[in-house]
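The file data.cif contains mmCIF, C-alpha atoms:
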```cif
data_coords
loop_
_atom_site.group_PDB
_atom_site.id
_atom_site.type_symbol
_atom_site.label_atom_id
_atom_site.label_comp_id
_atom_site.auth_asym_id
_atom_site.auth_seq_id
_atom_site.Cartn_x
_atom_site.Cartn_y
_atom_site.Cartn_z
ATOM 1 C CA MET A 1 -6.038 1.176 17.074
ATOM 2 C CA ASP A 2 -4.180 2.373 20.142
ATOM 3 C CA LYS A 3 -1.932 5.415 19.908
ATOM 4 C CA ILE A 4 1.518 6.374 21.142
ATOM 5 C CA GLN A 5 2.281 10.067 20.761
ATOM 6 C CA ILE A 6 5.546 11.962 20.457
ATOM 7 C CA LYS A 7 4.962 15.713 20.609
ATOM 8 C CA ASN A 8 7.230 18.545 19.500
ATOM 9 C CA LEU A 9 10.536 16.739 19.083
ATOM 10 C CA GLU A 10 13.109 19.459 18.281
ATOM 11 C CA ILE A 11 15.684 18.629 15.589
ATOM 12 C CA PHE A 12 18.365 20.826 14.029
ATOM 13 C CA ALA A 13 18.688 19.807 10.370
ATOM 14 C CA ASN A 14 19.419 21.082 6.858
ATOM 15 C CA HIS A 15 16.267 21.274 4.749
ATOM 16 C CA GLY A 16 14.952 24.134 2.639
ATOM 17 C CA VAL A 17 14.675 25.663 -0.802
ATOM 18 C CA PHE A 18 17.405 28.252 -0.222
ATOM 19 C CA PRO A 19 21.090 27.190 -0.292
ATOM 20 C CA GLU A 20 21.811 28.860 3.052
ATOM 21 C CA GLU A 21 19.148 26.666 4.682
ATOM 22 C CA ASN A 22 20.893 23.540 3.431
ATOM 23 C CA LYS A 23 24.291 24.873 4.538
ATOM 24 C CA LEU A 24 23.566 26.549 7.870
ATOM 25 C CA GLY A 25 20.609 24.450 9.005
ATOM 26 C CA GLN A 26 17.697 25.387 11.249
ATOM 27 C CA LYS A 27 15.281 24.008 13.814
ATOM 28 C CA PHE A 28 12.417 21.671 12.907
ATOM 29 C CA ILE A 29 9.734 20.431 15.292
ATOM 30 C CA ILE A 30 8.195 17.014 14.632
ATOM 31 C CA SER A 31 5.171 15.372 16.226
ATOM 32 C CA ALA A 32 4.199 11.749 15.567
ATOM 33 C CA THR A 33 1.158 9.688 16.441
ATOM 34 C CA LEU A 34 1.965 5.979 16.178
ATOM 35 C CA TYR A 35 -0.960 3.598 15.659
ATOM 36 C CA THR A 36 -0.483 0.076 16.974
ATOM 37 C CA SER A 37 -1.952 -2.402 19.429
ATOM 38 C CA THR A 38 -0.706 -1.920 22.979
ATOM 39 C CA ARG A 39 -2.856 -4.747 24.368
ATOM 40 C CA LYS A 40 -0.144 -7.434 24.533
ATOM 41 C CA ALA A 41 2.398 -5.059 26.045
ATOM 42 C CA GLY A 42 -0.199 -3.841 28.527
ATOM 43 C CA LYS A 43 -0.965 -7.408 29.634
ATOM 44 C CA THR A 44 2.628 -8.672 29.754
ATOM 45 C CA ASP A 45 4.655 -5.538 30.609
ATOM 46 C CA ASP A 46 6.946 -6.547 27.709
ATOM 47 C CA LEU A 47 8.377 -3.556 25.821
ATOM 48 C CA THR A 48 9.170 -5.669 22.745
ATOM 49 C CA ALA A 49 5.424 -6.194 22.265
ATOM 50 C CA SER A 50 4.917 -2.466 21.749
ATOM 51 C CA ILE A 51 6.737 0.455 20.116
ATOM 52 C CA HIS A 52 9.678 1.976 22.003
ATOM 53 C CA TYR A 53 9.005 5.717 21.760
ATOM 54 C CA GLY A 54 12.557 6.528 22.829
ATOM 55 C CA GLU A 55 14.012 4.505 19.966
ATOM 56 C CA VAL A 56 11.483 6.042 17.576
ATOM 57 C CA SER A 57 12.524 9.540 18.665
ATOM 58 C CA GLN A 58 16.162 8.623 17.985
ATOM 59 C CA PHE A 59 15.150 7.132 14.613
ATOM 60 C CA ILE A 60 13.304 10.319 13.590
ATOM 61 C CA THR A 61 16.187 12.548 14.663
ATOM 62 C CA LYS A 62 18.833 10.484 12.866
ATOM 63 C CA PHE A 63 16.780 10.192 9.672
ATOM 64 C CA VAL A 64 15.953 13.890 9.451
ATOM 65 C CA GLN A 65 19.550 14.919 10.145
ATOM 66 C CA GLU A 66 21.131 12.469 7.708
ATOM 67 C CA HIS A 67 19.188 13.722 4.667
ATOM 68 C CA THR A 68 18.743 17.069 2.948
ATOM 69 C CA TRP A 69 15.623 17.960 0.957
ATOM 70 C CA LYS A 70 14.143 21.204 -0.316
ATOM 71 C CA LEU A 71 10.525 20.650 0.677
ATOM 72 C CA LEU A 72 8.867 19.904 3.990
ATOM 73 C CA GLU A 73 6.528 17.684 1.986
ATOM 74 C CA THR A 74 9.478 15.524 0.969
ATOM 75 C CA VAL A 75 10.902 15.328 4.487
ATOM 76 C CA VAL A 76 7.639 14.171 6.035
ATOM 77 C CA GLU A 77 6.788 11.755 3.173
ATOM 78 C CA GLN A 78 10.189 10.078 3.235
ATOM 79 C CA LEU A 79 10.155 9.897 7.029
ATOM 80 C CA ALA A 80 6.707 8.284 7.134
ATOM 81 C CA GLU A 81 7.756 5.665 4.584
ATOM 82 C CA ALA A 82 10.952 4.839 6.468
ATOM 83 C CA MET A 83 9.065 4.500 9.754
ATOM 84 C CA LEU A 84 6.433 2.178 8.308
ATOM 85 C CA LEU A 85 9.066 -0.010 6.668
ATOM 86 C CA GLN A 86 11.446 -0.218 9.608
ATOM 87 C CA ILE A 87 9.510 0.085 12.876
ATOM 88 C CA PRO A 88 7.894 -3.199 14.027
ATOM 89 C CA HIS A 89 4.216 -3.157 15.072
ATOM 90 C CA LEU A 90 3.582 0.235 13.428
ATOM 91 C CA GLU A 91 0.331 0.108 11.444
ATOM 92 C CA LYS A 92 -0.215 3.794 10.726
ATOM 93 C CA VAL A 93 1.517 7.067 11.478
ATOM 94 C CA GLU A 94 0.399 10.688 11.600
ATOM 95 C CA LEU A 95 3.287 13.096 11.192
ATOM 96 C CA GLU A 96 3.526 16.863 11.497
ATOM 97 C CA ILE A 97 6.718 18.781 10.784
ATOM 98 C CA LYS A 98 6.913 22.437 11.793
ATOM 99 C CA LYS A 99 9.395 25.021 10.545
ATOM 100 C CA PRO A 100 9.431 27.891 13.061
ATOM 101 C CA TRP A 101 12.199 29.839 11.318
ATOM 102 C CA ALA A 102 10.694 29.756 7.824
ATOM 103 C CA PRO A 103 12.382 32.518 5.738
ATOM 104 C CA VAL A 104 9.279 34.219 4.343
ATOM 105 C CA GLY A 105 10.053 37.784 5.437
ATOM 106 C CA LEU A 106 6.809 38.087 7.363
ATOM 107 C CA PRO A 107 5.868 37.719 11.044
ATOM 108 C CA LEU A 108 4.611 34.171 11.560
ATOM 109 C CA GLU A 109 4.889 31.631 14.343
ATOM 110 C CA THR A 110 5.497 28.539 12.206
ATOM 111 C CA VAL A 111 4.614 26.724 8.997
ATOM 112 C CA SER A 112 3.910 23.008 8.977
ATOM 113 C CA VAL A 113 2.971 19.996 6.864
ATOM 114 C CA SER A 114 0.891 17.112 8.253
ATOM 115 C CA ILE A 115 0.255 13.722 6.656
ATOM 116 C CA GLU A 116 -1.209 10.331 7.559
ATOM 117 C CA ARG A 117 0.234 7.134 6.081
ATOM 118 C CA GLY A 118 -0.236 3.462 6.886
ATOM 119 C CA TRP A 119 -0.362 -0.161 5.855
ATOM 120 C CA HIS A 120 -3.290 -1.420 3.764
ATOM 121 C CA THR A 121 -4.583 -4.846 2.777
ATOM 122 C CA ALA A 122 -5.224 -5.518 -0.894
ATOM 123 C CA TYR A 123 -6.257 -8.575 -2.895
ATOM 124 C CA ILE A 124 -4.755 -8.922 -6.366
ATOM 125 C CA ALA A 125 -6.128 -11.191 -9.114
ATOM 126 C CA MET A 126 -3.608 -12.888 -11.400
ATOM 127 C CA GLY A 127 -4.251 -14.548 -14.750
ATOM 128 C CA SER A 128 -2.265 -15.911 -17.691
ATOM 129 C CA ASN A 129 -3.111 -17.961 -20.802
ATOM 130 C CA MET A 130 0.004 -17.590 -22.941
ATOM 131 C CA GLY A 131 3.414 -19.240 -22.764
ATOM 132 C CA ASP A 132 4.570 -20.593 -19.412
ATOM 133 C CA LYS A 133 1.510 -19.542 -17.430
ATOM 134 C CA LYS A 134 2.756 -20.710 -14.052
ATOM 135 C CA ALA A 135 6.047 -18.885 -14.562
ATOM 136 C CA TYR A 136 4.194 -15.653 -15.291
ATOM 137 C CA LEU A 137 2.090 -15.960 -12.138
ATOM 138 C CA ASP A 138 5.180 -16.836 -10.108
ATOM 139 C CA MET A 139 6.900 -13.792 -11.593
ATOM 140 C CA SER A 140 4.082 -11.486 -10.512
ATOM 141 C CA VAL A 141 4.181 -12.818 -6.938
ATOM 142 C CA LEU A 142 7.951 -12.358 -6.747
ATOM 143 C CA GLY A 143 7.718 -8.953 -8.419
ATOM 144 C CA LEU A 144 5.333 -7.644 -5.775
ATOM 145 C CA GLN A 145 7.317 -9.251 -2.969
ATOM 146 C CA LEU A 146 10.386 -7.357 -4.185
ATOM 147 C CA THR A 147 8.455 -4.079 -4.511
ATOM 148 C CA LYS A 148 9.332 -1.546 -1.836
ATOM 149 C CA GLY A 149 6.320 -1.072 0.394
ATOM 150 C CA CYS A 150 4.632 -4.374 -0.508
ATOM 151 C CA ILE A 151 4.510 -7.663 1.400
ATOM 152 C CA VAL A 152 2.885 -10.745 -0.151
ATOM 153 C CA GLU A 153 1.139 -12.561 2.705
ATOM 154 C CA THR A 154 -0.860 -15.355 1.034
ATOM 155 C CA VAL A 155 -1.246 -16.826 -2.453
ATOM 156 C CA ALA A 156 -4.194 -19.043 -3.363
ATOM 157 C CA ASP A 157 -3.773 -22.273 -5.326
ATOM 158 C CA TYR A 158 -3.416 -21.840 -9.067
ATOM 159 C CA LEU A 159 -6.652 -22.685 -10.865
ATOM 160 C CA ALA A 160 -7.098 -23.680 -14.535
ATOM 161 C CA THR A 161 -10.247 -22.045 -15.944
ATOM 162 C CA GLU A 162 -12.062 -21.549 -19.202
ATOM 163 C CA PRO A 163 -11.639 -18.139 -20.880
ATOM 164 C CA TYR A 164 -14.074 -15.364 -19.954
ATOM 165 C CA GLY A 165 -15.654 -12.972 -22.469
ATOM 166 C CA TYR A 166 -13.606 -13.730 -25.588
ATOM 167 C CA THR A 167 -13.725 -17.549 -25.634
ATOM 168 C CA ASP A 168 -11.642 -18.381 -28.727
ATOM 169 C CA GLN A 169 -8.390 -18.728 -26.789
ATOM 170 C CA ASP A 170 -6.449 -21.078 -24.534
ATOM 171 C CA GLU A 171 -7.567 -21.768 -20.954
ATOM 172 C CA PHE A 172 -6.303 -19.529 -18.188
ATOM 173 C CA LEU A 173 -4.321 -20.128 -15.063
ATOM 174 C CA ASN A 174 -5.734 -17.900 -12.314
ATOM 175 C CA SER A 175 -5.075 -17.109 -8.703
ATOM 176 C CA VAL A 176 -5.392 -14.369 -6.079
ATOM 177 C CA MET A 177 -2.810 -13.024 -3.652
ATOM 178 C CA LYS A 178 -3.240 -11.075 -0.455
ATOM 179 C CA ILE A 179 -0.743 -8.284 0.097
ATOM 180 C CA ARG A 180 -0.005 -5.597 2.655
ATOM 181 C CA THR A 181 1.121 -2.355 1.104
ATOM 182 C CA ILE A 182 1.869 1.261 1.882
ATOM 183 C CA LEU A 183 1.289 2.198 -1.760
ATOM 184 C CA PRO A 184 -1.917 4.143 -2.462
ATOM 185 C CA PRO A 185 -4.275 2.526 -4.999
ATOM 186 C CA HIS A 186 -3.090 4.322 -8.139
ATOM 187 C CA GLU A 187 0.579 3.750 -7.340
ATOM 188 C CA LEU A 188 -0.181 0.087 -6.749
ATOM 189 C CA LEU A 189 -1.988 -0.025 -10.110
ATOM 190 C CA ASP A 190 1.055 1.544 -11.786
ATOM 191 C CA ARG A 191 3.262 -1.167 -10.288
ATOM 192 C CA LEU A 192 0.926 -3.896 -11.548
ATOM 193 C CA HIS A 193 1.098 -2.390 -15.028
ATOM 194 C CA GLU A 194 4.891 -2.424 -14.813
ATOM 195 C CA LEU A 195 4.833 -6.135 -13.972
ATOM 196 C CA GLU A 196 2.507 -6.774 -16.910
ATOM 197 C CA GLN A 197 4.906 -4.931 -19.198
ATOM 198 C CA GLU A 198 7.812 -6.975 -17.866
ATOM 199 C CA ALA A 199 5.830 -10.035 -18.961
ATOM 200 C CA ASN A 200 5.431 -8.477 -22.440
ATOM 201 C CA ARG A 201 1.694 -7.987 -21.985
ATOM 202 C CA VAL A 202 0.032 -6.674 -25.165
ATOM 203 C CA ARG A 203 -3.492 -5.200 -24.993
ATOM 204 C CA VAL A 204 -5.059 -5.975 -28.387
ATOM 205 C CA ILE A 205 -8.367 -7.791 -27.788
ATOM 206 C CA HIS A 206 -10.596 -6.966 -24.813
ATOM 207 C CA TRP A 207 -10.581 -10.051 -22.558
ATOM 208 C CA GLY A 208 -8.217 -11.584 -25.129
ATOM 209 C CA PRO A 209 -5.048 -13.690 -24.721
ATOM 210 C CA ARG A 210 -2.405 -12.269 -22.406
ATOM 211 C CA THR A 211 0.833 -13.306 -20.795
ATOM 212 C CA LEU A 212 -0.148 -11.685 -17.508
ATOM 213 C CA ASP A 213 -3.210 -9.896 -16.198
ATOM 214 C CA LEU A 214 -3.158 -8.251 -12.771
ATOM 215 C CA ASP A 215 -6.154 -6.522 -11.184
ATOM 216 C CA ILE A 216 -6.838 -4.931 -7.814
ATOM 217 C CA LEU A 217 -9.935 -6.680 -6.453
ATOM 218 C CA LEU A 218 -10.201 -5.094 -3.019
ATOM 219 C CA TYR A 219 -8.224 -2.457 -1.114
ATOM 220 C CA ASP A 220 -9.263 -2.331 2.549
ATOM 221 C CA ASP A 221 -12.936 -1.278 2.480
ATOM 222 C CA LEU A 222 -12.304 1.367 -0.154
ATOM 223 C CA ILE A 223 -14.909 2.254 -2.785
ATOM 224 C CA LEU A 224 -13.242 4.096 -5.666
ATOM 225 C CA ASP A 225 -14.405 4.901 -9.187
ATOM 226 C CA ASP A 226 -12.496 7.041 -11.656
ATOM 227 C CA GLU A 227 -11.252 6.816 -15.239
ATOM 228 C CA GLU A 228 -8.347 4.540 -14.375
ATOM 229 C CA LEU A 229 -9.483 2.420 -11.479
ATOM 230 C CA HIS A 230 -12.561 0.788 -9.957
ATOM 231 C CA ILE A 231 -12.358 -0.671 -6.456
ATOM 232 C CA PRO A 232 -13.899 -3.119 -5.719
ATOM 233 C CA HIS A 233 -13.277 -4.581 -9.179
ATOM 234 C CA ILE A 234 -16.542 -4.146 -11.078
ATOM 235 C CA GLU A 235 -16.565 -7.775 -12.303
ATOM 236 C CA LEU A 236 -15.552 -9.343 -8.986
ATOM 237 C CA HIS A 237 -18.974 -10.698 -8.057
ATOM 238 C CA LYS A 238 -19.474 -12.226 -11.534
ATOM 239 C CA ARG A 239 -16.264 -14.219 -11.898
ATOM 240 C CA ASP A 240 -15.946 -17.648 -10.350
ATOM 241 C CA PHE A 241 -12.300 -17.847 -11.431
ATOM 242 C CA VAL A 242 -11.685 -14.912 -9.091
ATOM 243 C CA LEU A 243 -14.108 -15.800 -6.301
ATOM 244 C CA ILE A 244 -12.901 -19.411 -5.967
ATOM 245 C CA PRO A 245 -9.257 -18.562 -5.168
ATOM 246 C CA LEU A 246 -10.315 -15.485 -3.191
ATOM 247 C CA ALA A 247 -12.651 -17.625 -1.094
ATOM 248 C CA GLN A 248 -9.777 -20.004 -0.412
ATOM 249 C CA ILE A 249 -7.699 -17.323 1.318
ATOM 250 C CA ALA A 250 -10.326 -14.808 2.494
ATOM 251 C CA PRO A 251 -13.886 -16.241 2.573
ATOM 252 C CA TRP A 252 -14.888 -13.849 5.375
ATOM 253 C CA VAL A 253 -13.905 -10.625 3.591
ATOM 254 C CA ARG A 254 -16.962 -8.516 2.898
ATOM 255 C CA HIS A 255 -17.647 -6.759 -0.386
ATOM 256 C CA PRO A 256 -17.970 -3.054 0.564
ATOM 257 C CA VAL A 257 -20.728 -2.407 -2.008
ATOM 258 C CA TYR A 258 -22.875 -5.567 -1.845
ATOM 259 C CA ASN A 259 -22.212 -6.116 1.875
ATOM 260 C CA GLN A 260 -21.779 -9.867 1.351
ATOM 261 C CA THR A 261 -18.787 -12.031 2.155
ATOM 262 C CA VAL A 262 -16.695 -13.554 -0.616
ATOM 263 C CA GLN A 263 -18.092 -16.968 0.297
ATOM 264 C CA GLU A 264 -21.650 -15.657 0.028
ATOM 265 C CA LEU A 265 -20.906 -14.088 -3.368
ATOM 266 C CA LEU A 266 -19.465 -17.380 -4.608
ATOM 267 C CA GLU A 267 -22.478 -19.378 -3.391
ATOM 268 C CA ARG A 268 -24.842 -16.893 -5.023
ATOM 269 C CA LEU A 269 -22.942 -17.137 -8.297
ATOM 270 C CA LYS A 270 -23.112 -20.930 -8.264
#
```
Take the structure from the file and write it as structure tokens.
Amino acid sequence: MDKIQIKNLEIFANHGVFPEENKLGQKFIISATLYTSTRKAGKTDDLTASIHYGEVSQFITKFVQEHTWKLLETVVEQLAEAMLLQIPHLEKVELEIKKPWAPVGLPLETVSVSIERGWHTAYIAMGSNMGDKKAYLDMSVLGLQLTKGCIVETVADYLATEPYGYTDQDEFLNSVMKIRTILPPHELLDRLHELEQEANRVRVIHWGPRTLDLDILLYDDLILDDEELHIPHIELHKRDFVLIPLAQIAPWVRHPVYNQTVQELLERLK
């Protein structure tokens, strides 16, 4: 992506662990690298097609001055989130906040915290085979749409399928949605679990009946394996009830482990 840079913006604000810092205030220096596409603006000379760095500088100053936090980590995290949610065309931001008057009682030039945050694309599998199945899937779509930092972009058609694994149960209604999110994978997983709990999901039988089942299938090109989460989903390439709706909305997306598109995985499975 292209970059627009704001370097060493000086702001007088009230952040710090000590009460006198919150009361008297001090100088902070913020630098921001804004990732976007400048191509359209460069071809049309239209400022609305890009990011107005003057307005962004005013946004940063106003935001930092209107809030008070103890930690630099909190200031920069909250600022990055606000920028991603409110500044059009911003795909990713690198932020550094410096504190040149840090009260540590030692000779130092400055202390700083730097982070990188951005929008990500994720594909979420949905399934239900208890109660009003369609209502549960609709609820999960709305729940994510109302989640701060999540935008539901596309939802595949709902598909009735036979149960997988444990077969002595009612048929499922399945689908897949594409979302954009600023939530990291584990925070997104936590939100999915919250939505399952809101649907009174009970985990009794592995692959058993459930009101709502939500799984992260893909998250950008990330490959992640730990105790709580596997991305890509380890059963993705084996499940036609996932591949069929996924192929409807994203047949070109490539599995980062098998290096095959969703459409190719579906054809191989058939």
* Which residues fall under the PyMOL selection byres ((chain A and resi 228) around 12) in this file, as JSON, numbers by chain? -> {"A": [185, 186, 187, 189, 190, 193, 215, 216, 224, 225, 226, 227, 229, 230, 231, 233]}
For the file shown, what are the residues hit by the PyMOL selection byres ((chain A and resi 172) around 6), laid out as an mmCIF file with C-alpha atoms, in the coordinates of the input?
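Final output, saved to selection_4.cif:
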```
data_model
loop_
_atom_site.group_PDB
_atom_site.id
_atom_site.type_symbol
_atom_site.label_atom_id
_atom_site.label_comp_id
_atom_site.auth_asym_id
_atom_site.auth_seq_id
_atom_site.Cartn_x
_atom_site.Cartn_y
_atom_site.Cartn_z
ATOM 1 C CA SER A 128 -2.265 -15.911 -17.691
ATOM 2 C CA ASN A 129 -3.111 -17.961 -20.802
ATOM 3 C CA ALA A 160 -7.098 -23.680 -14.535
ATOM 4 C CA THR A 161 -10.247 -22.045 -15.944
ATOM 5 C CA GLU A 171 -7.567 -21.768 -20.954
ATOM 6 C CA LEU A 173 -4.321 -20.128 -15.063
#
```
* List the neighbours of region 255-262 of chain A out to 10 Å using only C-alpha atoms; skip same-chain residues closer than 4 positions along the sequence, and give me the result as a list in words. => Leu217, Leu218, Tyr219, Asp220, Asp221, Leu222, Ile223, Ile231, Pro232, Leu236, His237, Val242, Leu243, Ile244, Leu246, Ala247, Gln248, Ile249, Ala250, Pro251, Leu266, Glu267 and Arg268 of chain A
* Asked: the PyMOL selection byres ((chain A and resi 83) around 10) on the file shown: which residues, as an MDAnalysis selection string?
  -> chainID A and resid 34 56 59:60 63 78:82 84:88 90:93 117:118
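Atom pair CA of Gly143 (chain A) / CA of Pro245 (chain A) has a distance of 19.8 Å (rounded to one decimal).
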* Asked: Using all atoms listed in the file, which residue out of A:Ala199, A:Phe241, A:Gly105, A:Ser57 lies closest to Asp157 (chain A)?
  ->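 Closest to Asp157 (chain A), using all atoms listed in the file: A:Phe241.
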* **Proximity to Ile30 (chain A) - best of A:Ser50, A:Ser114, A:Thr68, A:Gln145, all atoms listed in the file** =>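 Distance minimum relative to Ile30 (chain A) lands on A:Ser114.
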* Could you check how far CA of Ile6 (chain A) sits from CA of Lys98 (chain A), in Å to one decimal? =>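 Between CA of Ile6 (chain A) and CA of Lys98 (chain A) the gap is 13.7 Å.
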* Structure fact -> Between A:Lys270, A:Lys178, A:Arg39, A:His120, smallest distance to Met1 (chain A) by only C-alpha atoms belongs to A:Arg39
* Counting all atoms listed in the file, note down every residue that has an atom within 12 Å of the point (20.4, 22.9, 2.8) (file coordinates), as a PyMOL selection string. => chain A and resi 12-26+65-72
Dump C-alpha atoms for the selected residues as a PDB file, in the coordinates of the input?
```pdb
ATOM      1  CA  PHE A  12      18.365  20.826  14.029  1.00  0.00           C
ATOM      2  CA  ALA A  13      18.688  19.807  10.370  1.00  0.00           C
ATOM      3  CA  ASN A  14      19.419  21.082   6.858  1.00  0.00           C
ATOM      4  CA  HIS A  15      16.267  21.274   4.749  1.00  0.00           C
ATOM      5  CA  GLY A  16      14.952  24.134   2.639  1.00  0.00           C
ATOM      6  CA  VAL A  17      14.675  25.663  -0.802  1.00  0.00           C
ATOM      7  CA  PHE A  18      17.405  28.252  -0.222  1.00  0.00           C
ATOM      8  CA  PRO A  19      21.090  27.190  -0.292  1.00  0.00           C
ATOM      9  CA  GLU A  20      21.811  28.860   3.052  1.00  0.00           C
ATOM     10  CA  GLU A  21      19.148  26.666   4.682  1.00  0.00           C
ATOM     11  CA  ASN A  22      20.893  23.540   3.431  1.00  0.00           C
ATOM     12  CA  LYS A  23      24.291  24.873   4.538  1.00  0.00           C
ATOM     13  CA  LEU A  24      23.566  26.549   7.870  1.00  0.00           C
ATOM     14  CA  GLY A  25      20.609  24.450   9.005  1.00  0.00           C
ATOM     15  CA  GLN A  26      17.697  25.387  11.249  1.00  0.00           C
ATOM     16  CA  GLN A  65      19.550  14.919  10.145  1.00  0.00           C
ATOM     17  CA  GLU A  66      21.131  12.469   7.708  1.00  0.00           C
ATOM     18  CA  HIS A  67      19.188  13.722   4.667  1.00  0.00           C
ATOM     19  CA  THR A  68      18.743  17.069   2.948  1.00  0.00           C
ATOM     20  CA  TRP A  69      15.623  17.960   0.957  1.00  0.00           C
ATOM     21  CA  LYS A  70      14.143  21.204  -0.316  1.00  0.00           C
ATOM     22  CA  LEU A  71      10.525  20.650   0.677  1.00  0.00           C
ATOM     23  CA  LEU A  72       8.867  19.904   3.990  1.00  0.00           C
TER      24      LEU A  72
END
```
* Within 6 Å of Glu94 (chain A), counting all atoms listed in the file, which residues qualify if same-chain residues fewer than 5 places away don't, as a VMD selection string? -> chain A and resid 32 to 33 115 to 116
* Structure fact -> Pairwise distance, CA of Arg180 (chain A) with CA of Ile51 (chain A), equals 19.7 Å
* To do: Go through A:Lys133, A:Lys148, A:Gln263, A:Ser37 one by one, measure the shortest atom-to-atom distance of each to Leu188 (chain A) using only C-alpha atoms, and give the residue with the smallest value.
  => A:Lys148
* Asked: Taking only C-alpha atoms into account, which of A:Asn200, A:His52, A:Arg239, A:Val155 comes nearest Leu142 (chain A)?
  ->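 Looking at the shortest contact to Leu142 (chain A), the residue is A:Val155.
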* Asked: From the set A:Val253, A:Leu265, A:Leu192, A:Leu47, which residue has the shortest atom-to-atom contact distance to Met139 (chain A), counting all atoms listed in the file?
  ->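 Result for the nearest residue to Met139 (chain A): A:Leu192.
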Around all the atoms of region 249-267 of chain A listed in the file, with 8 Å of room on each side, what axis-aligned box do you get, giving centre and edge lengths in Å to one decimal, as AutoDock Vina command-line options?
```
--center_x -15.3 --center_y -10.9 --center_z 0.4 --size_x 31.2 --size_y 33.0 --size_z 26.0
```
Fewer than 4 positions away in the same chain doesn't count, so skip those; otherwise give me all residues within 8 Å of Lys27 (chain A), counting only C-alpha atoms, as a PDB file with C-alpha atoms, keeping the file's coordinate frame.
```pdb
ATOM      1  CA  GLU A  10      13.109  19.459  18.281  1.00  0.00           C
ATOM      2  CA  ILE A  11      15.684  18.629  15.589  1.00  0.00           C
ATOM      3  CA  PHE A  12      18.365  20.826  14.029  1.00  0.00           C
ATOM      4  CA  ALA A  13      18.688  19.807  10.370  1.00  0.00           C
ATOM      5  CA  LYS A  99       9.395  25.021  10.545  1.00  0.00           C
ATOM      6  CA  PRO A 100       9.431  27.891  13.061  1.00  0.00           C
ATOM      7  CA  TRP A 101      12.199  29.839  11.318  1.00  0.00           C
TER       8      TRP A 101
END
```
